[in-house]
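In what follows, a structure is listed as structure tokens, so that the remarks can point back to it.
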Amino acid sequence: MKENPLLQIKGIKKAYGDKQVLNGIQMTINEGDIYGLLGPNGVGKTTTLKSILGLVSVDAGEFVYKGKNWKGNRSNNCIFGASIDEPVFYNHLSGIENLRVFGSLVGIQEKEIIRIMKDFDLYDARNEKVKNYSQGMRQRLAISRVFLNNPEVIILDEPTNGLDPNGIKYMRALIRRLSEEFGKTVILSTHLLGEAWHTCTKIGIIRNGTVVVEESIEEVSKKVGNDIDNFEEFFIKYTEDGIHD
Amino acid sequence: MIRVLGCEFRKCTKSIAIYICMVVMLFVPLAEYAFLGISSMSNNHTEAEQQLIDAFAKANGDQLFVYLYKLLFNGGCIFVVVTVMAAIIIAEDYARGTMKYVMLLSSRAKLSFGKIGILFVVSTLLHFVGMVIPVFVSISAREIFYGEYTEEQLVYYTLLGWSIITAFTLLVGVIGTLTKNVPATIGIGLGIYMVGAGFGMHLPEIIQKYLFIMNINKIGTADTDNLLLAVEVSCVTSILFALFLWYDLRKKEY
């Protein structure tokens, strides 16, 4: 696969007190990729995503966006859109009111909000209070919010958390749509291997604050014989202490 | 910048708390007056209450305005109301977890300006809503400006009250950004008010002069020169709190 780097993360380090959470993260995300950042819980996936977004400061390393050094400056807020951690909203407001509140920060027009809600099957529920939304609807509303600033890169942290099987299937299809239909580059973090296997075009496996494997899903499938069980073994090999060395 | 203010304004207008606070502010002077009236029916009221009740009975329009306006501050109700609103405006996004989403769509610098701006607007609004009944009663009463106070003094008292409330609101805003928690902000904010207003009386006069919360006592009593100093003290304190808020909201920007 031809490499066309959109975002490169070079040697990012971050410590919280004595705990080194990120220890020289290296990632290359190509334009149009659905990049899956995989790893067990607590290995630094969310911190990596937050550092890309500039929500946490890093101790060392650099971000290169379209060949230019970029230091987490959010002044150009059209680069990234994100749904980090559990998506939270103003629960006392309706879905559309939430998007109006967030949308007012980027000056989005009402007709654009309506179009986004239609794109993500929320139009009929637009006037319902968010506290009455199902988990799946909240995730879709989170993705709608991501679209408010029409970002080039979409970052999703554990996007299928808390969803039922139908919701997971819908979300996987939706993530593929983000890349195929809307032309976005997607970075998602997950500890669910099936999600990465069925959705991503490239994966990075993170262990002890370092990316130990970064390959396209095509390359991985060649290695594991296009079998998800073997993919699980592949993942375990690289995430269990001492085995891969 | 206008967008951030618009966003904060939209959030405020969708919050039921602001409407409850406005209704409370509207009726605070009347409620406190009614409380005085009820206490006058018993024989247990204090000498100070009796003096106030007698004063009300004989007051002209301007005196009535000052009595009712002072009730806004003396009962402490306005401090409770603005504390709640300031806590909601500053700490709510942190408490809900929505702060990271608003930060992705704007910069911390703009958000901090927006929050300070809307805090100022809301505290001003609540203060002037609290003045509606005192103004209405005073203009419908007999002989305004033939009593104890001149027009200039009334303007200064109002400015003083407004500046005290603004300074206090920004103080609560600072607490909100430090604690990032609504109940903690309200608790600490009101605690500071009660301790400041209570123990402030025992401080040397020179310190009292520069303690904005102690200026409450100057409403209705101070002459023009003292009022001017009191207004200046509150304004300078407000600016200091606003600068601290600005610095604290921005310090993680990189």
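Going by the structure tokens order, chains are called A, B, ..., each with residues numbered from 1, while ligands are numbered from 1 in the order shown.
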
Q: Return as a PyMOL selection string the residues belonging to chain B that are within 7 Å of chain A, counting only C-alpha atoms.
A: chain B and resi 3-4+6-7+10-11+96-98+102+104-107+254

Could those residues be written to a file, using all heavy atoms, as a tab-separated table (two decimals), in the first residue's frame?
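And here is the file that came out, part-v3.tsv:
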```tsv
chain	number	residue	atom	x	y	z
B	3	ARG	N	-18.94	34.45	18.77
B	3	ARG	CA	-19.52	33.10	18.74
B	3	ARG	C	-19.45	32.45	20.13
B	3	ARG	O	-20.39	31.78	20.54
B	3	ARG	CB	-18.75	32.23	17.75
B	3	ARG	CG	-19.07	32.55	16.31
B	3	ARG	CD	-18.18	31.74	15.40
B	3	ARG	NE	-18.40	32.11	14.02
B	3	ARG	CZ	-17.63	31.72	13.02
B	3	ARG	NH1	-16.61	30.93	13.24
B	3	ARG	NH2	-17.89	32.09	11.79
B	4	VAL	N	-18.33	32.64	20.80
B	4	VAL	CA	-18.18	32.04	22.13
B	4	VAL	C	-19.17	32.67	23.10
B	4	VAL	O	-19.84	31.96	23.87
B	4	VAL	CB	-16.73	32.19	22.64
B	4	VAL	CG1	-16.59	31.62	24.04
B	4	VAL	CG2	-15.77	31.49	21.71
B	6	GLY	N	-21.94	33.97	22.23
B	6	GLY	CA	-23.24	33.47	21.79
B	6	GLY	C	-23.51	32.08	22.34
B	6	GLY	O	-24.62	31.78	22.77
B	7	CYS	N	-22.47	31.24	22.35
B	7	CYS	CA	-22.61	29.88	22.87
B	7	CYS	C	-22.93	29.91	24.36
B	7	CYS	O	-23.85	29.23	24.82
B	7	CYS	CB	-21.31	29.11	22.61
B	7	CYS	SG	-21.25	27.49	23.37
B	10	ARG	N	-26.41	31.17	24.86
B	10	ARG	CA	-27.40	30.15	24.50
B	10	ARG	C	-27.55	29.14	25.64
B	10	ARG	O	-28.66	28.73	25.99
B	10	ARG	CB	-26.95	29.44	23.22
B	10	ARG	CG	-28.02	28.60	22.58
B	10	ARG	CD	-27.46	27.91	21.34
B	10	ARG	NE	-27.46	28.73	20.17
B	10	ARG	CZ	-28.48	28.81	19.32
B	10	ARG	NH1	-29.58	28.14	19.54
B	10	ARG	NH2	-28.40	29.58	18.26
B	11	LYS	N	-26.41	28.75	26.23
B	11	LYS	CA	-26.46	27.79	27.34
B	11	LYS	C	-27.20	28.38	28.53
B	11	LYS	O	-28.01	27.72	29.16
B	11	LYS	CB	-25.02	27.42	27.77
B	11	LYS	CG	-24.44	26.29	26.96
B	11	LYS	CD	-23.17	25.77	27.59
B	11	LYS	CE	-22.00	26.63	27.29
B	11	LYS	NZ	-20.74	26.14	27.83
B	96	ARG	N	-19.71	18.59	33.91
B	96	ARG	CA	-20.38	17.71	32.95
B	96	ARG	C	-19.40	16.90	32.11
B	96	ARG	O	-19.73	15.86	31.60
B	96	ARG	CB	-21.19	18.56	31.96
B	96	ARG	CG	-22.52	19.01	32.45
B	96	ARG	CD	-23.21	19.74	31.30
B	96	ARG	NE	-24.30	20.55	31.77
B	96	ARG	CZ	-25.51	20.09	32.00
B	96	ARG	NH1	-25.77	18.83	31.80
B	96	ARG	NH2	-26.45	20.89	32.44
B	97	GLY	N	-18.20	17.46	31.92
B	97	GLY	CA	-17.23	16.82	31.03
B	97	GLY	C	-17.32	17.35	29.62
B	97	GLY	O	-16.69	16.81	28.70
B	98	THR	N	-18.12	18.41	29.41
B	98	THR	CA	-18.27	18.98	28.07
B	98	THR	C	-17.14	19.96	27.74
B	98	THR	O	-17.03	20.41	26.60
B	98	THR	CB	-19.62	19.73	27.93
B	98	THR	OG1	-19.86	20.43	29.13
B	98	THR	CG2	-20.74	18.75	27.67
B	102	VAL	N	-15.95	21.68	23.98
B	102	VAL	CA	-15.97	23.10	23.63
B	102	VAL	C	-14.56	23.59	23.32
B	102	VAL	O	-14.35	24.43	22.46
B	102	VAL	CB	-16.68	23.99	24.68
B	102	VAL	CG1	-18.14	23.70	24.76
B	102	VAL	CG2	-16.06	23.89	26.04
B	104	LEU	N	-12.27	21.85	21.87
B	104	LEU	CA	-11.89	21.40	20.52
B	104	LEU	C	-12.42	22.35	19.46
B	104	LEU	O	-11.88	22.45	18.37
B	104	LEU	CB	-12.46	20.00	20.24
B	104	LEU	CG	-11.75	18.85	20.92
B	104	LEU	CD1	-12.49	17.55	20.68
B	104	LEU	CD2	-10.33	18.73	20.41
B	105	LEU	N	-13.53	23.01	19.78
B	105	LEU	CA	-14.17	23.88	18.79
B	105	LEU	C	-13.75	25.34	18.93
B	105	LEU	O	-14.10	26.17	18.11
B	105	LEU	CB	-15.70	23.76	18.89
B	105	LEU	CG	-16.25	22.37	18.58
B	105	LEU	CD1	-17.72	22.28	18.90
B	105	LEU	CD2	-16.02	22.00	17.13
B	106	SER	N	-13.05	25.64	19.99
B	106	SER	CA	-12.59	27.01	20.17
B	106	SER	C	-11.31	26.99	20.99
B	106	SER	O	-10.89	25.94	21.44
B	106	SER	CB	-13.67	27.83	20.87
B	106	SER	OG	-13.33	29.18	20.84
B	107	SER	N	-10.70	28.14	21.19
B	107	SER	CA	-9.47	28.16	22.00
B	107	SER	C	-9.82	28.48	23.45
B	107	SER	O	-10.87	29.06	23.74
B	107	SER	CB	-8.51	29.20	21.46
B	107	SER	OG	-8.99	30.47	21.74
B	254	TYR	N	-1.32	25.63	25.12
B	254	TYR	CA	0.04	25.46	24.62
B	254	TYR	C	0.00	25.21	23.13
B	254	TYR	O	-1.06	25.00	22.57
B	254	TYR	CB	0.75	24.30	25.32
B	254	TYR	CG	-0.02	23.03	25.28
B	254	TYR	CD1	0.09	22.16	24.20
B	254	TYR	CD2	-0.92	22.72	26.29
B	254	TYR	CE1	-0.65	21.00	24.16
B	254	TYR	CE2	-1.66	21.57	26.25
B	254	TYR	CZ	-1.52	20.71	25.18
B	254	TYR	OH	-2.28	19.59	25.14
```

Q: Might you pull out every residue within 10 Å of Leu174 (chain A), with only C-alpha atoms counted and same-chain residues fewer than 5 positions away left off, and present them as a list in words?
A: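 Those residues are Phe120, Arg140, Ile143, Ile168, Lys169, Ser179, Glu180, Glu181 and Thr199 of chain A.
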
(Q) Report as a list in words all protein, DNA and RNA residues lying within 9 Å of region 61-69 of chain A, evaluated on only C-alpha atoms, omitting residues in the same chain fewer than 2 positions from it. (A)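 In the requested form, the answer reads Pro5, Leu6, Leu7, Gln8, Ile9, Lys10, Gly11, Ile12, Lys13, Gly24, Ile25, Ile52, Val58, Asp59, Lys71 and Gly72 of chain A.
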
Let me see the file: selected residues, C-alpha atoms, as a PDB file, in the first residue's frame.
```
ATOM      1  CA  PRO A   5       1.242  10.505   5.414  1.00  0.00           C
ATOM      2  CA  LEU A   6      -1.306  13.001   6.633  1.00  0.00           C
ATOM      3  CA  LEU A   7      -0.305  12.940  10.281  1.00  0.00           C
ATOM      4  CA  GLN A   8       2.914  11.670  11.786  1.00  0.00           C
ATOM      5  CA  ILE A   9       3.441  11.329  15.513  1.00  0.00           C
ATOM      6  CA  LYS A  10       7.087  11.175  16.425  1.00  0.00           C
ATOM      7  CA  GLY A  11       8.405  10.063  19.791  1.00  0.00           C
ATOM      8  CA  ILE A  12       5.630  11.390  21.999  1.00  0.00           C
ATOM      9  CA  LYS A  13       6.322  11.047  25.706  1.00  0.00           C
ATOM     10  CA  GLY A  24       7.966   7.437  22.557  1.00  0.00           C
ATOM     11  CA  ILE A  25       4.796   6.835  20.531  1.00  0.00           C
ATOM     12  CA  ILE A  52      -2.970  14.639  19.287  1.00  0.00           C
ATOM     13  CA  VAL A  58       3.284  16.241  26.029  1.00  0.00           C
ATOM     14  CA  ASP A  59       6.745  16.116  27.581  1.00  0.00           C
ATOM     15  CA  LYS A  71       2.273  21.628  18.235  1.00  0.00           C
ATOM     16  CA  GLY A  72      -1.271  20.939  19.228  1.00  0.00           C
TER      17      GLY A  72
END
```

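Every residue of region 70-205 of chain A with a DSSP assignment of strand (DSSP E), taken from the backbone, is listed as Trp70, Phe80, Gly81, Ala82, Ser83, Val153, Ile154, Ile155, Leu156, Asp157, Thr185, Val186, Ile187, Leu188, Ser189, Thr190, Lys202, Ile203, Gly204 and Ile205 of chain A.
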
Could you dump the residues just selected with N, CA, C and O atoms as a JSON list (two decimals), in the first residue's frame?
```json
[["chain", "number", "residue", "atom", "x", "y", "z"],
["A", 70, "TRP", "N", 3.48, 20.58, 13.93],
["A", 70, "TRP", "CA", 2.23, 21.11, 14.49],
["A", 70, "TRP", "C", 2.23, 20.81, 15.97],
["A", 70, "TRP", "O", 2.38, 19.66, 16.36],
["A", 80, "PHE", "N", -9.27, 18.75, 13.36],
["A", 80, "PHE", "CA", -9.75, 17.60, 14.12],
["A", 80, "PHE", "C", -11.18, 17.76, 14.64],
["A", 80, "PHE", "O", -11.59, 18.84, 15.03],
["A", 81, "GLY", "N", -11.85, 16.62, 14.64],
["A", 81, "GLY", "CA", -13.11, 16.51, 15.35],
["A", 81, "GLY", "C", -12.97, 15.26, 16.19],
["A", 81, "GLY", "O", -12.31, 14.31, 15.76],
["A", 82, "ALA", "N", -13.55, 15.25, 17.38],
["A", 82, "ALA", "CA", -13.29, 14.08, 18.23],
["A", 82, "ALA", "C", -14.44, 13.76, 19.15],
["A", 82, "ALA", "O", -15.23, 14.62, 19.52],
["A", 83, "SER", "N", -14.52, 12.47, 19.46],
["A", 83, "SER", "CA", -15.40, 12.03, 20.54],
["A", 83, "SER", "C", -14.51, 11.22, 21.49],
["A", 83, "SER", "O", -14.07, 10.12, 21.16],
["A", 153, "VAL", "N", -9.72, 15.24, 10.08],
["A", 153, "VAL", "CA", -9.41, 14.00, 10.78],
["A", 153, "VAL", "C", -10.42, 13.82, 11.92],
["A", 153, "VAL", "O", -10.68, 14.75, 12.67],
["A", 154, "ILE", "N", -10.98, 12.61, 11.99],
["A", 154, "ILE", "CA", -11.96, 12.34, 13.06],
["A", 154, "ILE", "C", -11.34, 11.34, 14.04],
["A", 154, "ILE", "O", -10.82, 10.30, 13.63],
["A", 155, "ILE", "N", -11.38, 11.69, 15.31],
["A", 155, "ILE", "CA", -10.80, 10.83, 16.34],
["A", 155, "ILE", "C", -11.91, 10.28, 17.23],
["A", 155, "ILE", "O", -12.70, 11.05, 17.78],
["A", 156, "LEU", "N", -11.99, 8.98, 17.32],
["A", 156, "LEU", "CA", -13.05, 8.35, 18.11],
["A", 156, "LEU", "C", -12.42, 7.42, 19.14],
["A", 156, "LEU", "O", -11.62, 6.55, 18.80],
["A", 157, "ASP", "N", -12.80, 7.65, 20.39],
["A", 157, "ASP", "CA", -12.24, 6.85, 21.47],
["A", 157, "ASP", "C", -13.27, 5.80, 21.87],
["A", 157, "ASP", "O", -14.34, 6.14, 22.38],
["A", 185, "THR", "N", -10.37, 11.10, 7.31],
["A", 185, "THR", "CA", -9.39, 10.18, 7.89],
["A", 185, "THR", "C", -9.84, 9.93, 9.33],
["A", 185, "THR", "O", -10.21, 10.87, 10.04],
["A", 186, "VAL", "N", -9.87, 8.66, 9.72],
["A", 186, "VAL", "CA", -10.40, 8.34, 11.06],
["A", 186, "VAL", "C", -9.32, 7.66, 11.89],
["A", 186, "VAL", "O", -8.62, 6.77, 11.39],
["A", 187, "ILE", "N", -9.20, 8.12, 13.13],
["A", 187, "ILE", "CA", -8.33, 7.41, 14.08],
["A", 187, "ILE", "C", -9.25, 6.95, 15.20],
["A", 187, "ILE", "O", -9.97, 7.76, 15.79],
["A", 188, "LEU", "N", -9.27, 5.65, 15.46],
["A", 188, "LEU", "CA", -10.12, 5.19, 16.55],
["A", 188, "LEU", "C", -9.30, 4.32, 17.50],
["A", 188, "LEU", "O", -8.37, 3.63, 17.08],
["A", 189, "SER", "N", -9.66, 4.38, 18.75],
["A", 189, "SER", "CA", -8.99, 3.51, 19.72],
["A", 189, "SER", "C", -9.99, 2.45, 20.14],
["A", 189, "SER", "O", -11.19, 2.71, 20.22],
["A", 190, "THR", "N", -9.50, 1.27, 20.38],
["A", 190, "THR", "CA", -10.39, 0.20, 20.82],
["A", 190, "THR", "C", -9.58, -0.92, 21.46],
["A", 190, "THR", "O", -8.38, -1.06, 21.20],
["A", 202, "LYS", "N", -5.78, 0.24, 8.81],
["A", 202, "LYS", "CA", -4.42, 0.17, 9.36],
["A", 202, "LYS", "C", -4.53, 0.07, 10.88],
["A", 202, "LYS", "O", -5.45, 0.66, 11.46],
["A", 203, "ILE", "N", -3.62, -0.67, 11.49],
["A", 203, "ILE", "CA", -3.67, -0.76, 12.96],
["A", 203, "ILE", "C", -2.30, -0.44, 13.57],
["A", 203, "ILE", "O", -1.27, -0.60, 12.93],
["A", 204, "GLY", "N", -2.38, 0.05, 14.80],
["A", 204, "GLY", "CA", -1.18, 0.22, 15.60],
["A", 204, "GLY", "C", -1.46, -0.43, 16.94],
["A", 204, "GLY", "O", -2.50, -0.16, 17.54],
["A", 205, "ILE", "N", -0.58, -1.31, 17.37],
["A", 205, "ILE", "CA", -0.79, -1.96, 18.68],
["A", 205, "ILE", "C", 0.13, -1.28, 19.69],
["A", 205, "ILE", "O", 1.34, -1.14, 19.46]]
```

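Distances to Val23 (chain B) were evaluated for B:Ile207, B:Thr177, B:Leu190, B:Val132 using only C-alpha atoms, and the minimum falls at B:Val132.
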
In region 99-163 of chain B, DSSP alpha helix (DSSP H) residues written as an mmCIF file with C-alpha atoms, in the first residue's frame:
```cif
data_model
loop_
_atom_site.group_PDB
_atom_site.id
_atom_site.type_symbol
_atom_site.label_atom_id
_atom_site.label_comp_id
_atom_site.auth_asym_id
_atom_site.auth_seq_id
_atom_site.Cartn_x
_atom_site.Cartn_y
_atom_site.Cartn_z
ATOM 1 C CA MET B 99 -15.234 21.251 28.517
ATOM 2 C CA LYS B 100 -13.040 19.125 26.225
ATOM 3 C CA TYR B 101 -15.600 19.346 23.428
ATOM 4 C CA VAL B 102 -15.972 23.097 23.626
ATOM 5 C CA MET B 103 -12.173 23.381 23.745
ATOM 6 C CA LEU B 104 -11.894 21.401 20.521
ATOM 7 C CA LEU B 105 -14.166 23.880 18.790
ATOM 8 C CA ARG B 108 -9.129 28.405 25.749
ATOM 9 C CA ALA B 109 -8.443 32.121 25.373
ATOM 10 C CA LYS B 110 -11.779 32.738 23.671
ATOM 11 C CA LEU B 111 -13.638 30.417 26.032
ATOM 12 C CA SER B 112 -12.207 32.160 29.061
ATOM 13 C CA PHE B 113 -13.212 35.574 27.712
ATOM 14 C CA GLY B 114 -16.671 34.197 26.902
ATOM 15 C CA LYS B 115 -17.197 32.806 30.374
ATOM 16 C CA ILE B 116 -15.980 35.975 32.101
ATOM 17 C CA GLY B 117 -18.126 38.087 29.785
ATOM 18 C CA ILE B 118 -21.306 36.132 30.338
ATOM 19 C CA LEU B 119 -20.639 35.990 34.087
ATOM 20 C CA PHE B 120 -20.488 39.783 34.125
ATOM 21 C CA VAL B 121 -23.694 40.074 32.084
ATOM 22 C CA VAL B 122 -25.602 37.610 34.288
ATOM 23 C CA SER B 123 -24.529 39.170 37.590
ATOM 24 C CA THR B 124 -25.440 42.606 36.237
ATOM 25 C CA LEU B 125 -28.802 41.321 35.069
ATOM 26 C CA LEU B 126 -29.568 39.710 38.431
ATOM 27 C CA HIS B 127 -28.562 42.877 40.268
ATOM 28 C CA PHE B 128 -30.825 45.062 38.143
ATOM 29 C CA VAL B 129 -33.710 42.593 38.383
ATOM 30 C CA GLY B 130 -33.313 42.887 42.161
ATOM 31 C CA VAL B 132 -37.019 46.515 39.988
ATOM 32 C CA ILE B 133 -39.218 46.467 43.091
ATOM 33 C CA PRO B 134 -37.181 49.069 45.049
ATOM 34 C CA VAL B 135 -37.416 51.428 42.051
ATOM 35 C CA PHE B 136 -41.113 50.728 41.542
ATOM 36 C CA VAL B 137 -41.919 51.275 45.231
ATOM 37 C CA SER B 138 -39.833 54.437 45.451
ATOM 38 C CA ILE B 139 -41.366 56.151 42.421
ATOM 39 C CA SER B 140 -44.856 55.255 43.511
ATOM 40 C CA GLU B 151 -29.988 61.841 43.164
ATOM 41 C CA GLU B 152 -26.168 61.600 42.992
ATOM 42 C CA GLN B 153 -26.001 59.492 46.153
ATOM 43 C CA LEU B 154 -28.610 57.078 44.849
ATOM 44 C CA VAL B 155 -26.582 56.606 41.662
ATOM 45 C CA TYR B 156 -23.428 55.994 43.699
ATOM 46 C CA TYR B 157 -25.187 53.494 46.002
ATOM 47 C CA THR B 158 -26.399 51.603 42.964
ATOM 48 C CA LEU B 159 -22.940 51.652 41.387
ATOM 49 C CA LEU B 160 -21.452 50.469 44.659
ATOM 50 C CA GLY B 161 -23.920 47.585 44.966
ATOM 51 C CA TRP B 162 -23.314 46.607 41.358
ATOM 52 C CA SER B 163 -19.522 46.703 41.756
#
```

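Going from CA of Val231 (chain B) to CA of Thr150 (chain B) covers 17.5 Å.
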